file coords16.cif (mmCIF, C-alpha atoms)
data_final
loop_
_atom_site.label_atom_id
_atom_site.label_comp_id
_atom_site.auth_asym_id
_atom_site.auth_seq_id
_atom_site.Cartn_x
_atom_site.Cartn_y
_atom_site.Cartn_z
CA MET A 228 7.90 -19.02 -10.63
CA GLY A 229 8.85 -15.95 -12.61
CA GLU A 230 12.16 -14.53 -13.68
CA GLU A 231 14.44 -12.90 -11.09
CA PHE A 232 15.08 -9.16 -11.25
CA HIS A 233 16.45 -6.42 -9.00
CA SER A 234 13.70 -4.26 -7.58
CA ILE A 235 13.06 -1.25 -5.37
CA ILE A 236 9.98 -1.89 -3.24
CA LYS A 237 7.95 0.58 -1.19
CA LEU A 238 6.01 -1.23 1.52
CA MET A 239 2.73 -0.14 3.09
CA THR A 240 4.71 0.56 6.30
CA GLY A 241 6.75 3.23 4.46
CA GLU A 242 9.94 1.18 4.27
CA GLU A 243 11.88 1.11 1.02
CA ILE A 244 13.89 -2.01 0.26
CA PHE A 245 16.14 -3.19 -2.53
CA ALA A 246 16.26 -6.91 -3.32
CA LEU A 247 16.58 -9.60 -5.92
CA VAL A 248 12.92 -10.46 -6.52
CA SER A 249 10.93 -13.26 -8.08
CA VAL A 250 7.15 -13.65 -8.22
CA ASP A 251 5.36 -16.88 -7.30
CA ASP A 252 1.91 -16.74 -8.89
CA THR A 253 1.08 -20.44 -8.67
CA GLY A 254 -1.33 -20.08 -5.72
CA ASN A 255 -4.55 -18.14 -5.22
CA SER A 256 -2.72 -14.97 -4.17
CA PRO A 257 0.67 -14.18 -5.73
CA LEU A 258 3.70 -13.93 -3.44
CA ILE A 259 6.84 -11.85 -3.78
CA ILE A 260 10.04 -13.71 -2.88
CA LEU A 261 12.84 -11.40 -1.74
CA GLN A 262 16.44 -12.55 -1.77
CA ASN A 263 18.82 -10.61 0.52
CA PRO A 264 16.64 -7.51 0.94
CA LEU A 265 18.58 -4.37 1.87
CA VAL A 266 17.72 -0.85 2.92
CA MET A 267 19.67 1.81 1.02
CA LYS A 268 19.35 5.25 2.53
CA ALA A 269 20.64 8.45 0.95
CA VAL A 270 22.58 10.53 3.48
CA ASN A 271 23.67 14.10 2.74
CA SER A 272 26.53 15.75 4.60
CA PRO A 273 28.81 18.74 4.04
CA LYS A 274 31.34 16.34 2.47
CA GLY A 275 28.84 15.09 -0.11
CA GLY A 276 26.06 12.57 -0.62
CA PHE A 277 26.37 8.96 0.48
CA LEU A 278 24.38 5.74 0.44
CA LYS A 279 24.18 3.85 3.70
CA VAL A 280 23.41 0.18 3.24
CA ARG A 281 22.07 -2.25 5.84
CA LYS A 282 20.11 -5.47 6.02
CA TRP A 283 16.32 -5.10 5.97
CA ILE A 284 15.86 -7.44 8.95
CA GLU A 285 19.12 -7.07 10.82
CA LEU A 286 18.84 -9.86 13.40
CA SER A 287 17.79 -12.60 11.01
CA ASP A 288 20.21 -15.07 9.46
CA ASP A 289 17.75 -15.87 6.67
CA ASP A 290 18.42 -14.69 3.14
CA ILE A 291 14.96 -15.25 1.65
CA PHE A 292 11.71 -13.57 2.72
CA VAL A 293 8.17 -13.85 1.38
CA LEU A 294 5.73 -10.94 1.05
CA GLY A 295 2.13 -10.78 -0.06
CA TYR A 296 1.00 -8.23 -2.63
CA ASP A 297 -1.21 -6.61 0.00
CA LYS A 298 1.92 -5.44 1.90
CA ILE A 299 3.42 -3.66 -1.13
CA LEU A 300 2.53 -0.12 -2.12
CA THR A 301 4.64 -0.09 -5.28
CA MET A 302 7.46 -2.03 -6.87
CA SER A 303 9.85 -0.92 -9.60
CA GLU A 304 12.44 -2.91 -11.50
CA CYS A 305 15.92 -1.43 -11.06
CA LYS A 306 18.20 -1.32 -14.07
CA ASP A 307 20.73 1.08 -12.51
CA ASN A 308 24.05 -0.77 -12.68
CA LYS A 309 25.55 1.37 -9.89
CA LEU A 310 22.85 0.38 -7.39
CA ILE A 311 23.12 -3.26 -8.42
CA ALA A 312 26.92 -3.09 -7.98
CA ILE A 313 26.48 -1.65 -4.47
CA TYR A 314 23.98 -4.41 -3.66
CA ASN A 315 26.32 -7.14 -4.90
CA ASN A 316 29.35 -5.60 -3.17
CA TYR A 317 27.49 -5.46 0.15
CA LEU A 318 26.51 -9.12 -0.17
CA SER A 319 30.06 -10.17 -1.02
CA THR A 320 31.63 -8.22 1.87
CA ASP A 321 28.79 -9.06 4.30
CA GLY A 322 29.06 -5.75 6.12
CA VAL A 323 27.78 -2.20 6.28
CA GLU A 324 29.30 -0.13 3.54
CA ILE A 325 28.96 3.58 2.84
CA TYR A 326 29.46 4.79 -0.70
CA PRO A 327 29.90 8.35 -1.98
CA SER A 328 26.96 8.94 -4.28
CA THR A 329 29.14 10.70 -6.86
CA GLU A 330 31.63 7.85 -7.20
CA PHE A 331 30.29 4.47 -6.14
CA GLY A 332 33.79 3.02 -6.24
CA GLY A 333 34.59 4.84 -3.00
CA LYS A 334 37.01 7.37 -4.49
CA VAL A 335 36.52 11.11 -4.24
CA GLU A 336 38.67 13.59 -6.14
CA LEU A 337 40.56 16.07 -3.99
CA THR A 338 39.76 19.75 -4.29
CA ASP A 339 41.35 22.84 -2.80
CA LYS A 340 38.42 23.06 -0.35
CA MET A 341 39.45 19.78 1.32
CA GLY A 342 42.13 19.69 3.97
CA TYR A 343 44.70 22.40 4.57
CA VAL A 344 44.88 25.29 2.13
CA SER A 345 47.56 27.27 3.96
CA SER A 346 50.34 26.81 6.47
CA VAL A 347 50.02 27.51 10.19
CA GLU A 348 52.33 30.50 9.81
CA ASP A 349 50.18 32.02 7.04
CA ALA A 350 47.02 31.50 9.10
CA ARG A 351 48.67 33.09 12.18
CA LYS A 352 49.62 36.20 10.16
CA LYS A 353 46.10 36.53 8.76
CA PHE A 354 44.56 36.25 12.24
CA GLU A 355 47.02 38.80 13.65
CA VAL A 356 46.01 41.29 10.98
CA LEU A 357 42.34 40.46 11.43
CA PHE A 358 42.39 40.87 15.21
CA LYS A 359 45.21 43.47 15.25
CA ILE A 360 47.30 41.39 17.63
CA ASN A 361 50.91 42.35 18.40
CA GLN A 362 50.41 45.86 17.08
CA GLU A 363 51.56 48.91 18.95
CA PRO A 364 48.68 50.78 20.63
CA LYS A 365 48.10 54.20 19.09
CA GLU A 366 48.75 57.15 21.36
CA ASN A 367 46.32 60.02 21.51
#
call {"tool": "encode", "arguments": {"input": "coords16.cif", "output": "structure tokens"}}
result
Amino acid sequence: MGEEFHSIIKLMTGEEIFALVSVDDTGNSPLIILQNPLVMKAVNSPKGGFLKVRKWIELSDDDIFVLGYDKILTMSECKDNKLIAIYNNYLSTDGVEIYPSTEFGGKVELTDKMGYVSSVEDARKKFEVLFKINQEPKEN
């Protein structure tokens, strides 16, 4: 059996999975052994980009799966420490986690575009001017 490495795998079905992988090439046809395969999906929203993480086979209690080379379209070793940290964090917490793609630690810096930028009184005055509310009607 070969050395273990983190890999991003694109299957013939179109699925993309992230797993700790080792290759068993002792038989006639080599096999890929996946440990704790996960699906990491990039999600974009008005608040920013996120990664949604879930188990590849959600109803299974197994941690190890075997694939043949004929089921794999392409496979790439992952050396991105942020993705590996997300993978390890998910396995240690054993739950669905969502991470901001800008800060994988889960912290986002506040900007003036987040939350309230004025008081209710200031907003009321601006709307009154905008819609000309509470102004005396002009006489002809």
call {"tool": "resolve_selection", "arguments": {"input": "coords16.cif", "expression": "the PyMOL selection byres ((chain A and resi 306) around 12)", "output": "list in words"}}
result
Phe232, His233, Ser234, Ile235, Phe245, Leu247, Ser303, Glu304, Cys305, Asp307, Asn308, Lys309, Leu310, Ile311 and Ala312 of chain A
call {"tool": "resolve_selection", "arguments": {"input": "coords16.cif", "expression": "the PyMOL selection byres ((chain A and resi 284) around 12)", "output": "list in words"}}
result
Glu242, Ile244, Leu261, Gln262, Asn263, Pro264, Leu265, Val266, Arg281, Lys282, Trp283, Glu285, Leu286, Ser287, Asp288, Asp289, Asp290, Ile291 and Phe292 of chain A
call {"tool": "residues_around", "arguments": {"input": "coords16.cif", "residues": "stretch 297-301 of chain A", "least_positions_apart": "3", "cutoff": "9 Å", "atoms": "only C-alpha atoms", "output": "list in words"}}
result
Ile235, Ile236, Lys237, Leu238, Met239, Thr240, Gly241 and Leu294 of chain A
call {"tool": "closest_residue", "arguments": {"input": "coords16.cif", "among": "A:Leu258, A:Val347, A:Ile313, A:Leu318", "to": "A:Leu278", "atoms": "all atoms listed in the file"}}
result
A:Ile313
call {"tool": "atom_distance", "arguments": {"input": "coords16.cif", "atom1": "atom CA of A:Glu231", "atom2": "atom CA of A:Phe277"}}
result
27.5 Å
call {"tool": "closest_residue", "arguments": {"input": "coords16.cif", "among": "A:Gly229, A:Lys268, A:Lys274, A:Met302", "to": "A:Thr253", "atoms": "only C-alpha atoms"}}
result
A:Gly229
call {"tool": "resolve_selection", "arguments": {"input": "coords16.cif", "expression": "the PyMOL selection byres ((chain A and resi 250) around 8)", "output": "VMD selection string"}}
result
chain A and resid 228 to 231 248 to 249 251 to 252 257 to 260
call {"tool": "closest_residue", "arguments": {"input": "coords16.cif", "among": "A:Val280, A:Val293, A:Val356, A:Ala269", "to": "A:Tyr314", "atoms": "only C-alpha atoms"}}
result
A:Val280
call {"tool": "atom_distance", "arguments": {"input": "coords16.cif", "atom1": "atom CA of A:Ser346", "atom2": "atom CA of A:Lys359"}}
result
19.5 Å
call {"tool": "axis_aligned_box", "arguments": {"input": "coords16.cif", "around": "stretch 294-308 of chain A", "padding_each_side": "4 Å", "output": "lines of an AutoDock Vina configuration file"}}
result
center_x = 11.4
center_y = -4.9
center_z = -6.1
size_x = 33.3
size_y = 20.0
size_z = 24.0
call {"tool": "atom_distance", "arguments": {"input": "coords16.cif", "atom1": "atom CA of A:Glu243", "atom2": "atom CA of A:Asn316"}}
result
19.2 Å
